[in-house]
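The structure file protein_15.pdb is reproduced below (PDB, C-alpha atoms (C1' of nucleotides)).
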```
ATOM      1  CA  MET A   1      12.614  -0.691 -29.606
ATOM      2  CA  SER A   2      14.767  -0.866 -32.687
ATOM      3  CA  GLY A   3      15.380   0.861 -35.990
ATOM      4  CA  ASP A   4      16.025   4.568 -36.529
ATOM      5  CA  ARG A   5      16.182   6.953 -33.644
ATOM      6  CA  LEU A   6      13.400   9.447 -33.784
ATOM      7  CA  THR A   7      13.834  13.085 -33.007
ATOM      8  CA  PRO A   8      11.020  15.646 -33.057
ATOM      9  CA  SER A   9      11.250  19.006 -34.792
ATOM     10  CA  GLY A  10       8.412  21.528 -34.372
ATOM     11  CA  TYR A  11       6.662  22.893 -31.365
ATOM     12  CA  VAL A  12       3.647  20.636 -31.653
ATOM     13  CA  GLU A  13       5.788  17.529 -31.327
ATOM     14  CA  PHE A  14       7.796  18.867 -28.430
ATOM     15  CA  SER A  15       4.691  20.062 -26.685
ATOM     16  CA  ALA A  16       3.251  16.551 -26.743
ATOM     17  CA  LEU A  17       6.564  15.201 -25.581
ATOM     18  CA  PHE A  18       7.007  17.476 -22.583
ATOM     19  CA  ASP A  19       3.423  16.868 -21.695
ATOM     20  CA  ALA A  20       3.905  13.124 -21.885
ATOM     21  CA  LEU A  21       6.971  13.172 -19.670
ATOM     22  CA  SER A  22       5.512  15.499 -17.060
ATOM     23  CA  HIS A  23       3.898  12.747 -15.010
ATOM     24  CA  PRO A  24       5.863  10.268 -12.880
ATOM     25  CA  MET A  25       3.643   7.358 -13.816
ATOM     26  CA  ARG A  26       4.433   7.892 -17.467
ATOM     27  CA  ILE A  27       8.139   7.946 -16.780
ATOM     28  CA  LYS A  28       7.658   4.661 -14.997
ATOM     29  CA  ILE A  29       5.720   3.278 -17.949
ATOM     30  CA  MET A  30       8.475   4.353 -20.309
ATOM     31  CA  GLY A  31      11.023   2.752 -18.033
ATOM     32  CA  GLU A  32       9.165  -0.527 -18.226
ATOM     33  CA  LEU A  33       8.546  -0.427 -21.954
ATOM     34  CA  ALA A  34      12.119   0.534 -22.694
ATOM     35  CA  VAL A  35      13.155  -2.766 -21.148
ATOM     36  CA  LYS A  36      10.484  -5.020 -22.563
ATOM     37  CA  ARG A  37       7.202  -4.796 -24.403
ATOM     38  CA  ARG A  38       4.078  -5.548 -22.393
ATOM     39  CA  TYR A  39       0.386  -6.015 -22.925
ATOM     40  CA  VAL A  40      -2.135  -3.754 -21.285
ATOM     41  CA  SER A  41      -3.425  -5.897 -18.429
ATOM     42  CA  GLU A  42       0.060  -7.047 -17.633
ATOM     43  CA  MET A  43       1.241  -3.477 -17.394
ATOM     44  CA  ALA A  44      -1.694  -2.483 -15.244
ATOM     45  CA  LYS A  45      -0.759  -5.215 -12.822
ATOM     46  CA  ILE A  46       2.888  -4.185 -12.732
ATOM     47  CA  LEU A  47       2.021  -0.575 -12.052
ATOM     48  CA  ASN A  48      -0.924  -1.364  -9.863
ATOM     49  CA  ILE A  49      -3.326   0.990 -11.615
ATOM     50  CA  SER A  50      -6.593   0.432 -13.466
ATOM     51  CA  ARG A  51      -6.620  -0.169 -17.197
ATOM     52  CA  ALA A  52      -8.850   2.843 -17.709
ATOM     53  CA  LEU A  53      -6.220   5.061 -16.193
ATOM     54  CA  LEU A  54      -3.436   3.275 -17.973
ATOM     55  CA  TYR A  55      -5.084   3.873 -21.336
ATOM     56  CA  MET A  56      -5.117   7.560 -20.587
ATOM     57  CA  HIS A  57      -1.379   7.499 -19.957
ATOM     58  CA  PHE A  58      -0.729   5.373 -23.025
ATOM     59  CA  LYS A  59      -2.601   7.848 -25.138
ATOM     60  CA  LYS A  60      -0.346  10.694 -24.079
ATOM     61  CA  LEU A  61       2.745   8.641 -24.745
ATOM     62  CA  GLU A  62       1.425   7.677 -28.151
ATOM     63  CA  ASP A  63       0.591  11.292 -28.914
ATOM     64  CA  ALA A  64       4.181  12.104 -28.089
ATOM     65  CA  ASN A  65       5.221   9.423 -30.528
ATOM     66  CA  ILE A  66       7.495   7.574 -28.118
ATOM     67  CA  ILE A  67       5.570   4.322 -27.872
ATOM     68  CA  THR A  68       3.706   2.098 -30.322
ATOM     69  CA  SER A  69       1.211  -0.700 -30.006
ATOM     70  CA  ASP A  70       0.139  -3.772 -31.903
ATOM     71  CA  TYR A  71      -2.250  -6.631 -31.432
ATOM     72  CA  GLU A  72      -1.261 -10.225 -31.026
ATOM     73  CA  ILE A  73      -3.348 -13.343 -30.589
ATOM     74  CA  SER A  74      -2.048 -15.500 -27.771
ATOM     75  CA  GLN A  75      -1.889 -19.298 -28.054
ATOM     76  CA  ASP A  76      -5.061 -19.637 -26.059
ATOM     77  CA  GLY A  77      -6.884 -17.293 -28.403
ATOM     78  CA  LYS A  78      -6.889 -14.040 -26.450
ATOM     79  CA  THR A  79      -6.371 -10.733 -28.195
ATOM     80  CA  MET A  80      -3.455  -9.013 -26.539
ATOM     81  CA  LYS A  81      -2.532  -5.404 -27.072
ATOM     82  CA  TYR A  82       1.191  -4.946 -26.773
ATOM     83  CA  TYR A  83       2.952  -1.667 -26.229
ATOM     84  CA  GLU A  84       6.611  -0.953 -26.726
ATOM     85  CA  ALA A  85       8.928   2.037 -26.486
ATOM     86  CA  LYS A  86      10.274   3.587 -29.630
ATOM     87  CA  ASP A  87      13.884   4.537 -29.840
ATOM     88  CA  PHE A  88      14.443   8.248 -29.645
ATOM     89  CA  ILE A  89      16.960  10.868 -28.707
ATOM     90  CA  ILE A  90      16.097  14.391 -27.833
ATOM     91  CA  ASN A  91      18.354  17.298 -27.008
ATOM     92  CA  ILE A  92      17.017  20.169 -25.006
ATOM     93  CA  THR A  93      18.901  23.450 -24.962
ATOM     94  CA  PRO A  94      18.139  27.158 -24.643
ATOM     95  CA  GLN A  95      18.570  27.454 -28.395
ATOM     96  CA  LEU A  96      15.784  24.932 -28.859
ATOM     97  CA  MET A  97      13.551  27.092 -26.691
ATOM     98  CA  ILE A  98      14.239  30.014 -28.985
ATOM     99  CA  ASN A  99      13.334  27.972 -32.022
ATOM    100  CA  LEU A 100      10.222  26.501 -30.490
ATOM    101  CA  SER A 101       8.905  29.759 -29.133
ATOM    102  CA  LYS A 102       8.703  31.107 -32.655
ATOM    103  CA  SER A 103       5.983  28.652 -33.548
ATOM    104  CA  ILE A 104       3.916  28.706 -30.389
ATOM    105  CA  PRO A 105       0.244  29.341 -30.988
ATOM    106  CA  THR A 106      -0.589  32.823 -29.707
ATOM    107  CA  MET A 107      -2.732  33.005 -26.638
ATOM    108  CA  GLN A 108      -4.240  36.300 -25.583
ATOM    109  CA  LYS A 109      -4.866  36.977 -21.938
ATOM    110  CA  THR A 110      -6.099  40.028 -20.098
ATOM    111  CA  GLY A 111      -3.618  42.592 -18.889
ATOM    112  CA  GLU A 112      -2.204  43.855 -15.661
ATOM    113  CA  ASN A 113      -3.553  45.573 -12.523
TER
ATOM    114  CA  MET B   1      23.423  32.786 -19.977
ATOM    115  CA  SER B   2      27.063  31.807 -19.679
ATOM    116  CA  GLY B   3      29.410  29.505 -17.799
ATOM    117  CA  ASP B   4      29.090  25.750 -17.458
ATOM    118  CA  ARG B   5      26.321  23.854 -19.089
ATOM    119  CA  LEU B   6      24.064  22.302 -16.539
ATOM    120  CA  THR B   7      22.657  18.857 -16.848
ATOM    121  CA  PRO B   8      20.303  17.256 -14.327
ATOM    122  CA  SER B   9      20.780  13.788 -12.904
ATOM    123  CA  GLY B  10      18.091  12.309 -10.667
ATOM    124  CA  TYR B  11      14.374  11.933 -11.063
ATOM    125  CA  VAL B  12      13.493  14.920  -8.919
ATOM    126  CA  GLU B  13      15.399  17.260 -11.180
ATOM    127  CA  PHE B  14      13.975  15.827 -14.358
ATOM    128  CA  SER B  15      10.502  15.847 -12.950
ATOM    129  CA  ALA B  16      10.728  19.569 -12.310
ATOM    130  CA  LEU B  17      12.185  20.045 -15.746
ATOM    131  CA  PHE B  18       9.487  18.198 -17.663
ATOM    132  CA  ASP B  19       6.900  19.947 -15.614
ATOM    133  CA  ALA B  20       8.432  23.308 -16.365
ATOM    134  CA  LEU B  21       8.526  22.700 -20.094
ATOM    135  CA  SER B  22       5.008  21.306 -20.315
ATOM    136  CA  HIS B  23       3.324  24.676 -20.758
ATOM    137  CA  PRO B  24       3.578  26.756 -23.947
ATOM    138  CA  MET B  25       3.854  30.011 -22.075
ATOM    139  CA  ARG B  26       6.926  28.750 -20.277
ATOM    140  CA  ILE B  27       8.542  27.720 -23.535
ATOM    141  CA  LYS B  28       7.885  31.214 -24.742
ATOM    142  CA  ILE B  29       9.400  32.665 -21.589
ATOM    143  CA  MET B  30      12.470  30.506 -22.049
ATOM    144  CA  GLY B  31      12.696  31.611 -25.661
ATOM    145  CA  GLU B  32      12.733  35.222 -24.563
ATOM    146  CA  LEU B  33      15.180  34.767 -21.708
ATOM    147  CA  ALA B  34      17.527  32.696 -23.823
ATOM    148  CA  VAL B  35      17.922  35.748 -26.041
ATOM    149  CA  LYS B  36      18.128  38.449 -23.412
ATOM    150  CA  ARG B  37      17.563  38.925 -19.726
ATOM    151  CA  ARG B  38      14.432  40.834 -18.742
ATOM    152  CA  TYR B  39      12.850  42.291 -15.651
ATOM    153  CA  VAL B  40       9.481  41.120 -14.460
ATOM    154  CA  SER B  41       7.203  43.951 -15.592
ATOM    155  CA  GLU B  42       8.959  44.133 -18.909
ATOM    156  CA  MET B  43       8.396  40.439 -19.463
ATOM    157  CA  ALA B  44       4.758  40.680 -18.449
ATOM    158  CA  LYS B  45       4.277  43.367 -21.077
ATOM    159  CA  ILE B  46       6.010  41.318 -23.760
ATOM    160  CA  LEU B  47       3.933  38.246 -23.035
ATOM    161  CA  ASN B  48       0.787  40.189 -22.279
ATOM    162  CA  ILE B  49       0.041  38.419 -19.030
ATOM    163  CA  SER B  50      -0.276  39.618 -15.437
ATOM    164  CA  ARG B  51       2.719  39.642 -13.137
ATOM    165  CA  ALA B  52       0.913  37.375 -10.705
ATOM    166  CA  LEU B  53       0.625  34.736 -13.360
ATOM    167  CA  LEU B  54       4.123  35.354 -14.610
ATOM    168  CA  TYR B  55       5.533  34.782 -11.131
ATOM    169  CA  MET B  56       3.852  31.405 -11.091
ATOM    170  CA  HIS B  57       5.553  30.473 -14.329
ATOM    171  CA  PHE B  58       8.891  31.833 -13.175
ATOM    172  CA  LYS B  59       8.666  29.723 -10.069
ATOM    173  CA  LYS B  60       8.354  26.530 -12.063
ATOM    174  CA  LEU B  61      11.255  27.474 -14.277
ATOM    175  CA  GLU B  62      13.368  28.281 -11.242
ATOM    176  CA  ASP B  63      12.382  24.993  -9.627
ATOM    177  CA  ALA B  64      13.601  23.300 -12.785
ATOM    178  CA  ASN B  65      16.851  25.193 -12.380
ATOM    179  CA  ILE B  66      16.890  26.606 -15.899
ATOM    180  CA  ILE B  67      16.541  30.281 -15.040
ATOM    181  CA  THR B  68      17.965  32.557 -12.372
ATOM    182  CA  SER B  69      17.105  35.982 -11.058
ATOM    183  CA  ASP B  70      18.847  38.902  -9.450
ATOM    184  CA  TYR B  71      17.978  42.381  -8.325
ATOM    185  CA  GLU B  72      19.323  45.535  -9.826
ATOM    186  CA  ILE B  73      18.711  49.169  -8.956
ATOM    187  CA  SER B  74      17.996  51.242 -12.034
ATOM    188  CA  GLN B  75      19.462  54.707 -12.482
ATOM    189  CA  ASP B  76      16.202  56.266 -11.411
ATOM    190  CA  GLY B  77      16.211  54.211  -8.218
ATOM    191  CA  LYS B  78      13.738  51.461  -8.998
ATOM    192  CA  THR B  79      14.366  47.924  -7.824
ATOM    193  CA  MET B  80      14.282  45.694 -10.862
ATOM    194  CA  LYS B  81      14.131  41.938 -10.715
ATOM    195  CA  TYR B  82      15.931  40.463 -13.673
ATOM    196  CA  TYR B  83      15.534  36.929 -14.897
ATOM    197  CA  GLU B  84      17.816  35.130 -17.266
ATOM    198  CA  ALA B  85      18.101  31.662 -18.781
ATOM    199  CA  LYS B  86      20.809  29.342 -17.594
ATOM    200  CA  ASP B  87      22.792  27.383 -20.075
ATOM    201  CA  PHE B  88      21.898  23.729 -20.117
ATOM    202  CA  ILE B  89      21.856  20.666 -22.267
ATOM    203  CA  ILE B  90      19.659  17.694 -21.677
ATOM    204  CA  ASN B  91      19.510  14.410 -23.510
ATOM    205  CA  ILE B  92      16.364  12.365 -23.357
ATOM    206  CA  THR B  93      16.476   8.726 -24.361
ATOM    207  CA  PRO B  94      14.721   5.490 -23.443
ATOM    208  CA  GLN B  95      17.728   4.563 -21.345
ATOM    209  CA  LEU B  96      17.213   7.710 -19.309
ATOM    210  CA  MET B  97      13.625   6.615 -18.678
ATOM    211  CA  ILE B  98      14.912   3.328 -17.325
ATOM    212  CA  ASN B  99      17.298   5.115 -15.008
ATOM    213  CA  LEU B 100      14.748   7.623 -13.810
ATOM    214  CA  SER B 101      12.007   5.126 -13.205
ATOM    215  CA  LYS B 102      14.174   3.424 -10.621
ATOM    216  CA  SER B 103      13.982   6.426  -8.338
ATOM    217  CA  ILE B 104      10.367   7.420  -8.775
ATOM    218  CA  PRO B 105       8.519   7.824  -5.510
ATOM    219  CA  THR B 106       6.048   4.955  -5.174
ATOM    220  CA  MET B 107       2.435   5.848  -5.513
ATOM    221  CA  GLN B 108      -0.183   3.321  -4.564
ATOM    222  CA  LYS B 109      -3.511   3.364  -6.315
ATOM    223  CA  THR B 110      -6.515   1.092  -6.116
ATOM    224  CA  GLY B 111      -6.734  -1.893  -8.404
ATOM    225  CA  GLU B 112      -8.770  -3.059 -11.318
ATOM    226  CA  ASN B 113     -12.479  -3.820 -11.988
TER
ATOM    227  C1'  DT C   1     -22.669 -22.837 -18.000
ATOM    228  C1'  DG C   2     -19.612 -20.253 -15.325
ATOM    229  C1'  DC C   3     -15.004 -18.794 -14.399
ATOM    230  C1'  DA C   4     -10.679 -16.600 -15.686
ATOM    231  C1'  DC C   5      -8.481 -13.691 -18.534
ATOM    232  C1'  DG C   6      -8.169 -10.629 -22.288
ATOM    233  C1'  DT C   7     -10.086  -5.916 -24.698
ATOM    234  C1'  DG C   8     -12.477  -1.024 -24.788
ATOM    235  C1'  DT C   9     -14.754   3.047 -23.071
ATOM    236  C1'  DA C  10     -18.422   6.260 -20.925
ATOM    237  C1'  DA C  11     -19.557   8.885 -17.001
ATOM    238  C1'  DT C  12     -18.195  11.015 -13.101
ATOM    239  C1'  DA C  13     -15.409  12.445  -9.020
ATOM    240  C1'  DA C  14     -11.280  14.323  -7.117
ATOM    241  C1'  DT C  15      -7.268  16.828  -7.488
ATOM    242  C1'  DT C  16      -3.937  20.108  -9.639
ATOM    243  C1'  DA C  17      -2.725  23.648 -12.472
ATOM    244  C1'  DT C  18      -3.726  27.929 -14.481
ATOM    245  C1'  DA C  19      -5.548  32.492 -14.472
ATOM    246  C1'  DT C  20      -7.776  36.709 -12.421
ATOM    247  C1'  DT C  21      -8.451  40.354  -9.316
ATOM    248  C1'  DA C  22      -7.212  43.102  -5.819
ATOM    249  C1'  DC C  23      -4.440  44.761  -2.592
ATOM    250  C1'  DA C  24       0.094  46.735  -0.120
ATOM    251  C1'  DG C  25       4.495  48.888  -0.317
ATOM    252  C1'  DG C  26       8.712  51.370  -2.457
ATOM    253  C1'  DT C  27      11.354  55.415  -5.335
ATOM    254  C1'  DA C  28      11.634  59.445  -8.459
ATOM    255  C1'  DC C  29      10.004  63.512 -10.065
ATOM    256  C1'  DA C  30       6.938  67.306 -11.987
TER
ATOM    257  C1'  DT D   1       0.909  65.770  -3.430
ATOM    258  C1'  DG D   2      -0.124  62.917  -7.181
ATOM    259  C1'  DT D   3       1.389  60.174 -11.009
ATOM    260  C1'  DA D   4       4.244  56.741 -13.106
ATOM    261  C1'  DC D   5       6.983  53.245 -12.644
ATOM    262  C1'  DC D   6       8.780  49.172 -10.001
ATOM    263  C1'  DT D   7       8.049  44.627  -6.615
ATOM    264  C1'  DG D   8       5.303  41.048  -4.024
ATOM    265  C1'  DT D   9       1.497  38.107  -2.768
ATOM    266  C1'  DA D  10      -3.242  36.515  -0.909
ATOM    267  C1'  DA D  11      -7.648  35.035  -2.190
ATOM    268  C1'  DT D  12     -10.401  33.240  -5.455
ATOM    269  C1'  DA D  13     -12.348  31.512  -9.864
ATOM    270  C1'  DT D  14     -11.766  28.695 -13.887
ATOM    271  C1'  DA D  15     -10.034  25.050 -16.528
ATOM    272  C1'  DA D  16      -7.538  20.880 -17.261
ATOM    273  C1'  DT D  17      -5.697  16.684 -15.707
ATOM    274  C1'  DT D  18      -5.861  12.602 -13.229
ATOM    275  C1'  DA D  19      -8.318   8.867 -11.090
ATOM    276  C1'  DT D  20     -12.387   5.872 -10.080
ATOM    277  C1'  DT D  21     -16.210   3.061 -11.046
ATOM    278  C1'  DA D  22     -18.950   0.583 -13.787
ATOM    279  C1'  DC D  23     -20.318  -1.325 -17.726
ATOM    280  C1'  DA D  24     -20.084  -4.228 -22.427
ATOM    281  C1'  DC D  25     -17.966  -7.741 -25.265
ATOM    282  C1'  DG D  26     -14.855 -11.913 -26.702
ATOM    283  C1'  DT D  27     -12.237 -16.629 -26.141
ATOM    284  C1'  DG D  28     -10.863 -21.010 -23.927
ATOM    285  C1'  DC D  29     -11.801 -24.483 -20.917
ATOM    286  C1'  DA D  30     -13.162 -27.298 -16.614
TER
END
```
Now, as a test, write the supplied structure out as structure tokens.
Amino acid sequence: MSGDRLTPSGYVEFSALFDALSHPMRIKIMGELAVKRRYVSEMAKILNISRALLYMHFKKLEDANIITSDYEISQDGKTMKYYEAKDFIINITPQLMINLSKSIPTMQKTGEN
Amino acid sequence: MSGDRLTPSGYVEFSALFDALSHPMRIKIMGELAVKRRYVSEMAKILNISRALLYMHFKKLEDANIITSDYEISQDGKTMKYYEAKDFIINITPQLMINLSKSIPTMQKTGEN
DNA sequence: TGCACGTGTAATAATTATATTACAGGTACA
DNA sequence: TGTACCTGTAATATAATTATTACACGTGCA
């Protein structure tokens, strides 16, 4: 968690972001990673969830571009996958909604009564 | 859309907010309401979705406290339910994640392999 | 060799969220 | 009266997300 502060622009980015933040477990994950980077098994233990599930959450956070990962070989030869939070700052306002809604992929649904 | 700018504080509020913004149709709704207030049927026509579905979306946006509604009697006597966007500004940062994660309701899941 | 501790992922179950359909009730007005 | 607008919601189907379980593979070391 260092370097430039990211900030998304188009709808696609924001969509992934809102999606990523819409689950309490992922907020918790972000809270942990914002303090300190962790490797997968370690994180699973902290959160008390399975790695399989954790990977699913990590994927969403990565898609939202607010975490990154890298591999590291521990002293005793194990491959560790570390995750860490990126630095970012995002402002949400009604004006943003206006801007975003312009680029939302159209979805056609059936009509009324 | 006027008056003080709202900004949420605790996890519960943010949770509702992220949830509300995690669906493209609701971003679109916000985009519309941020420009101009609309009544339900009118909005359903604009978005080309059923009122039943629209009510569901409205509920989430209301739960997130970013829209409000009020009733108005039209000149020809119809009861119109108008929705409008509140004014708000929300900053999302890693530090916020740290703060929020402190107050997340604990959820216990089964362990690993 | 057999643990202990890492990684990765496929298949499936369980749960939530989204979407549809259909109904009931109200006012104005030709 | 019958049509054209409004509102409101229950019941249900469909789709997407979340969660579980189980497997495969690798290294170090007693």
Length of the atom CA of A:Lys28 to atom CA of A:Gln95 vector [Å]: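 Separation of atom CA of A:Lys28 and atom CA of A:Gln95: 28.6 Å.
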Got a sec to resolve the PyMOL selection byres ((chain C) within 8 of (chain A)) on this structure and send the residues as a PyMOL selection string? chain C and resi 6-7+9+21
Calculate how many Å separate atom C1' of D:DA19 from atom CA of A:Arg26, rounding to one decimal.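 That distance, rounded to one decimal, is 14.3 Å.
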List the residues matched by the PyMOL selection byres ((chain D) within 10 of (chain B)) in the displayed structure as number ranges by chain, ordered by chain and then by residue number. D: 5-9, 19-22
Output file for the selection above: C-alpha atoms (C1' of nucleotides), as an mmCIF file, in the frame of the given file:
```cif
data_model
loop_
_atom_site.group_PDB
_atom_site.id
_atom_site.type_symbol
_atom_site.label_atom_id
_atom_site.label_comp_id
_atom_site.auth_asym_id
_atom_site.auth_seq_id
_atom_site.Cartn_x
_atom_site.Cartn_y
_atom_site.Cartn_z
ATOM 1 C "C1'" DC D 5 6.983 53.245 -12.644
ATOM 2 C "C1'" DC D 6 8.780 49.172 -10.001
ATOM 3 C "C1'" DT D 7 8.049 44.627 -6.615
ATOM 4 C "C1'" DG D 8 5.303 41.048 -4.024
ATOM 5 C "C1'" DT D 9 1.497 38.107 -2.768
ATOM 6 C "C1'" DA D 19 -8.318 8.867 -11.090
ATOM 7 C "C1'" DT D 20 -12.387 5.872 -10.080
ATOM 8 C "C1'" DT D 21 -16.210 3.061 -11.046
ATOM 9 C "C1'" DA D 22 -18.950 0.583 -13.787
#
```
Convert the output of the PyMOL selection byres ((chain B) within 8 of (chain A)) on the shown file into explicit residues, formatted as number ranges by chain. B: 15, 18-19, 21-24, 27-28, 30-32, 34-35, 48-51, 85-95, 97-102, 104, 108-113
Can you tell me how far atom CA of A:Glu84 sits from atom CA of A:Lys59, in Å to one decimal?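 Going from atom CA of A:Glu84 over to atom CA of A:Lys59, I get 12.8 Å.
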